[in-house]
Amino acid sequence: MSHHIIEFRNVSFTYPDGTAALRDVSFRITHGEAVGIVGPNGAGKTTLIMLMNGLILPGGGEVMVGEVPVTRKTLSEIRRKVGVVMQNPDDQLFMPTVREDVAFGPSNMELPPEVIEQRVDEALREVGALHLKDRPPHRLSGGQKKAVAIAGVIAMKPDILVMDEPTAGLDPGARRQLIEIVKGFRHSRIIATHDLDLVLEVCERCILLHGGAIKRDGPPGEILLDAQLMQESGLALPLSATV
Amino acid sequence: MEIGSNFLNIGYLDSLSYRASPVHRIDPRIKTIVTIVYVVTVVSFPRYEVSGLLPFFIYPVFLISVGNIPPGFVLRKLLLVSPFVVMVGMFNPIFDRTPMLELYGVEISGGWVSFTSILLKFVLTISTALLLIATTSFTGICEGLGRMGVPQVFVVQLLFLYRYLFVLVEEALRMVRARDARSSGKRGKGVRVFIHLVGVLLVRTIQRAERIYAAMLSRGYTGRMPLRRTHRIGMKELIFLSSWILLFLVMRRYNLSLYLGILLGQDGMR
């Protein structure tokens, strides 16, 4: 299934203030892969994510989703295929109730109301948040907010699921639940995170960003457990490797 | 600081609106219209009117009892806002000293009467407005406004204002706490620091707005907000609307307290 592929071809991006966030980044993520993107603060993780669904467009090179390049014209198609879960769920849950928030994406796809309703239920069930359906988002706990934010994205049935720091700010219990949810997905998954144990557990591939360029691309076991590489890259060994 | 715990206590007001009661279930449009008619009627009374206003307590009392809202909560909110009204009416008794009526031998000037009238109007209108929110929820009111033809831009503005008010207050509280934690018991360094705090809060808000907009775009936002319609107008709504408005008009036209007084007076004479 070629449309589940996301490919960066020599992508560069410089912010208007002159900061070069990404330099000549190339990689190809294929169907069903779970890829962790790690790197210290400022390595370009968030920029990478914003490029994936066209929130920003590359300054040089090309981003391909399936056979479609990300350009101004293809944005609506791209955003249907690439679902992005933002880091802060408060930024993503803007509708008055959970139900309406999860329905936001499907409604924008102009689906018939029955289908929307069905998608909302499916998505909420998948993240174990069906009982929150009529609650307003500002009355949810951190973990619940996160789960609902994910439901809002998977309700659009994206081919590729991109998550920015999915476990940030969660208590250990909520983090565990979230990991199980993410493991259960069959989408191609791209997870940008500082939670290296999450990458070790969920991902079969890991991309290490440093200073806006790819420093390593390979199995998480080889990259994350390399003490010297981690130290050079401003990271540290995952917790599970130190005990 | 007490912003979060005290300032109108929006969180509590919000939680009241999720209760289920016959009033909560009425279509927001109907409740909004009834409230507007109520407020206009109350305010339209002449400035020396006191007795004619008293029957109007029936509507807020109805909302409190049927809507199962704790009256103490409404009273506390009224007290909180009352200084503003007292400021407005304070000078009436001083400037307007023409005697108007005599009560048990004490002469009462027109100023005191109009001051009482202002207070009454304040209590009636503010409590009804608070009760509208407590029995309808802010989002319900927004939904109602949208369906009554208010442009979507405004409705969405209001919805976002409400949604992010909680986030903003929390953020402001954290900043204030961080300042207080490092200002050895004093309130920071006064106005200068306060100005900086407000500036930072503004910048953060703008950044948040950008992230929210990015999240909206990511989920296919094209400029139309898909808002759900939760209520519909049925027989119950029409009865609620017509009977309340009718009662308000009757109470505006005829001074029921006066009639009651005459009735009782005749009784007493007999």
# chains A, B, ... in the order shown; residues from 1 in each chain; ligands from 1
>>> closest_atom_pairs(of="chain B", to="chain A", cutoff="10 Å", atoms="only C-alpha atoms", output="tab-separated table")
residue	atom	partner	partner_atom	distance
B:Gly11	CA	A:Arg139	CA	9.3
B:Asp14	CA	A:Pro136	CA	9.9
B:Ser15	CA	A:Arg139	CA	9.2
B:Tyr18	CA	A:Arg135	CA	9.0
B:Phe138	CA	A:Pro96	CA	9.4
B:Thr139	CA	A:Pro96	CA	6.5
B:Gly140	CA	A:Pro96	CA	9.3
B:Val156	CA	A:Met95	CA	9.5
B:Leu159	CA	A:Pro96	CA	7.2
B:Phe160	CA	A:Phe94	CA	7.0
B:Tyr162	CA	A:Pro96	CA	8.9
B:Arg163	CA	A:Phe94	CA	6.7
B:Tyr164	CA	A:Phe94	CA	8.1
B:Leu165	CA	A:His138	CA	9.8
B:Phe166	CA	A:His138	CA	7.3
B:Val167	CA	A:Asp90	CA	7.9
B:Arg208	CA	A:Asp91	CA	6.9
B:Ala209	CA	A:Asp91	CA	8.1
B:Glu210	CA	A:Asp91	CA	9.1
B:Arg211	CA	A:Asp91	CA	6.2
B:Ile212	CA	A:Asp91	CA	4.7
B:Tyr213	CA	A:Asp91	CA	8.4
B:Ala214	CA	A:Leu55	CA	6.7
B:Ala215	CA	A:Gln92	CA	5.5
B:Met216	CA	A:Gln92	CA	7.4
B:Leu217	CA	A:Leu55	CA	7.7
B:Ser218	CA	A:Arg79	CA	5.7
B:Arg219	CA	A:Gly105	CA	4.8
B:Gly220	CA	A:Asn108	CA	5.6
B:Tyr221	CA	A:Asn108	CA	6.1
B:Thr222	CA	A:Asn108	CA	7.2
B:Gly223	CA	A:Asn108	CA	9.3
B:Arg224	CA	A:Asn108	CA	7.9
B:Met225	CA	A:Phe104	CA	7.9
B:Pro226	CA	A:Ser107	CA	6.2
B:Leu227	CA	A:Glu100	CA	7.1
B:Arg228	CA	A:Glu100	CA	6.8
>>> select_by_dssp(residues="region 1-177 of chain B", states="strand (DSSP E or B)", output="short mmCIF file (atom, residue, chain, number, x, y, z; two decimals) with C-alpha atoms, in the first residue's frame")
data_model
loop_
_atom_site.label_atom_id
_atom_site.label_comp_id
_atom_site.auth_asym_id
_atom_site.auth_seq_id
_atom_site.Cartn_x
_atom_site.Cartn_y
_atom_site.Cartn_z
CA PRO B 99 -39.66 63.97 50.61
CA MET B 100 -41.61 61.32 48.81
CA LEU B 101 -43.36 59.19 51.34
CA GLU B 102 -43.76 58.63 55.00
CA LEU B 103 -43.20 55.29 56.64
CA VAL B 106 -40.15 58.70 59.09
CA GLU B 107 -39.94 60.84 56.00
CA ILE B 108 -38.23 59.17 53.07
CA SER B 109 -36.68 61.29 50.34
#
>>> residues_around(residues="region 216-222 of chain A", least_positions_apart="5", cutoff="6 Å", atoms="only C-alpha atoms", output="ChimeraX atom specification")
/A:200,204-208
>>> residues_around(residues="Ile26 (chain B)", least_positions_apart="6", cutoff="12 Å", atoms="only C-alpha atoms", output="PyMOL selection string")
chain B and resi 20+32-34+63+66-67+132+135-137+140-141+144+230-241
>>> atom_distance(atom1="CA of Val61 (chain B)", atom2="CA of Val86 (chain B)")
23.0 Å
>>> residues_around(residues="Leu54 (chain B)", least_positions_apart="4", cutoff="9 Å", atoms="only C-alpha atoms", output="list in words")
Val50, Ile58, Leu120, Leu256 and Ser257 of chain B
>>> write_last_selection(atoms="N, CA and C atoms", output="short mmCIF file (atom, residue, chain, number, x, y, z; two decimals), in the first residue's frame")
data_model
loop_
_atom_site.label_atom_id
_atom_site.label_comp_id
_atom_site.auth_asym_id
_atom_site.auth_seq_id
_atom_site.Cartn_x
_atom_site.Cartn_y
_atom_site.Cartn_z
N VAL B 50 -40.63 51.03 43.13
CA VAL B 50 -40.11 49.99 44.01
C VAL B 50 -41.07 48.81 44.09
N ILE B 58 -40.19 36.58 41.07
CA ILE B 58 -40.72 35.24 40.80
C ILE B 58 -39.85 34.48 39.78
N LEU B 120 -32.74 47.18 43.46
CA LEU B 120 -33.65 46.11 43.10
C LEU B 120 -33.42 45.67 41.66
N LEU B 256 -48.77 44.56 40.76
CA LEU B 256 -49.40 43.48 41.50
C LEU B 256 -49.28 43.67 43.01
N SER B 257 -48.14 44.22 43.47
CA SER B 257 -47.97 44.42 44.92
C SER B 257 -49.04 45.36 45.45
#
>>> closest_residue(among="B:Val23, B:Leu119, B:Leu197, B:Leu75", to="Leu53 (chain B)", atoms="only C-alpha atoms")
B:Leu119
>>> residues_around(residues="Ile49 (chain A)", least_positions_apart="2", cutoff="8 Å", atoms="only C-alpha atoms", output="MDAnalysis selection string")
chainID A and resid 45:47 51:53 84 162 164 192
>>> residues_around(residues="Gly173 (chain A)", least_positions_apart="4", cutoff="9 Å", atoms="only C-alpha atoms", output="mmCIF file with C-alpha atoms, in the first residue's frame")
data_model
loop_
_atom_site.group_PDB
_atom_site.id
_atom_site.type_symbol
_atom_site.label_atom_id
_atom_site.label_comp_id
_atom_site.auth_asym_id
_atom_site.auth_seq_id
_atom_site.Cartn_x
_atom_site.Cartn_y
_atom_site.Cartn_z
ATOM 1 C CA GLY A 143 -4.323 11.562 30.446
ATOM 2 C CA GLN A 177 -2.237 3.274 29.029
ATOM 3 C CA LEU A 178 -1.172 5.563 26.220
#
>>> atom_distance(atom1="CA of Ser242 (chain B)", atom2="CA of His24 (chain B)")
17.7 Å
>>> atom_distance(atom1="CA of His31 (chain A)", atom2="CA of His187 (chain A)")
7.5 Å
>>> decode(residues="region 24-44 of chain A", atoms="C-alpha atoms", output="PDB file, in the first residue's frame")
ATOM      1  CA  ASP A  24      19.130  18.278   3.879  1.00  0.00           C
ATOM      2  CA  VAL A  25      16.965  15.696   5.645  1.00  0.00           C
ATOM      3  CA  SER A  26      16.036  12.549   3.730  1.00  0.00           C
ATOM      4  CA  PHE A  27      14.214   9.453   4.888  1.00  0.00           C
ATOM      5  CA  ARG A  28      11.409   7.153   3.835  1.00  0.00           C
ATOM      6  CA  ILE A  29       8.900   5.634   6.191  1.00  0.00           C
ATOM      7  CA  THR A  30       6.881   2.739   4.805  1.00  0.00           C
ATOM      8  CA  HIS A  31       3.541   1.200   5.568  1.00  0.00           C
ATOM      9  CA  GLY A  32       2.851   0.149   9.139  1.00  0.00           C
ATOM     10  CA  GLU A  33       6.228   1.207  10.463  1.00  0.00           C
ATOM     11  CA  ALA A  34       6.518   2.776  13.895  1.00  0.00           C
ATOM     12  CA  VAL A  35       9.323   5.292  13.870  1.00  0.00           C
ATOM     13  CA  GLY A  36      10.637   7.228  16.828  1.00  0.00           C
ATOM     14  CA  ILE A  37      12.184  10.620  16.208  1.00  0.00           C
ATOM     15  CA  VAL A  38      14.539  11.606  18.986  1.00  0.00           C
ATOM     16  CA  GLY A  39      16.950  14.416  19.544  1.00  0.00           C
ATOM     17  CA  PRO A  40      17.700  17.175  22.036  1.00  0.00           C
ATOM     18  CA  ASN A  41      15.598  20.343  22.251  1.00  0.00           C
ATOM     19  CA  GLY A  42      16.042  22.432  19.153  1.00  0.00           C
ATOM     20  CA  ALA A  43      17.116  19.502  16.991  1.00  0.00           C
ATOM     21  CA  GLY A  44      14.207  20.119  14.627  1.00  0.00           C
TER      22      GLY A  44
END
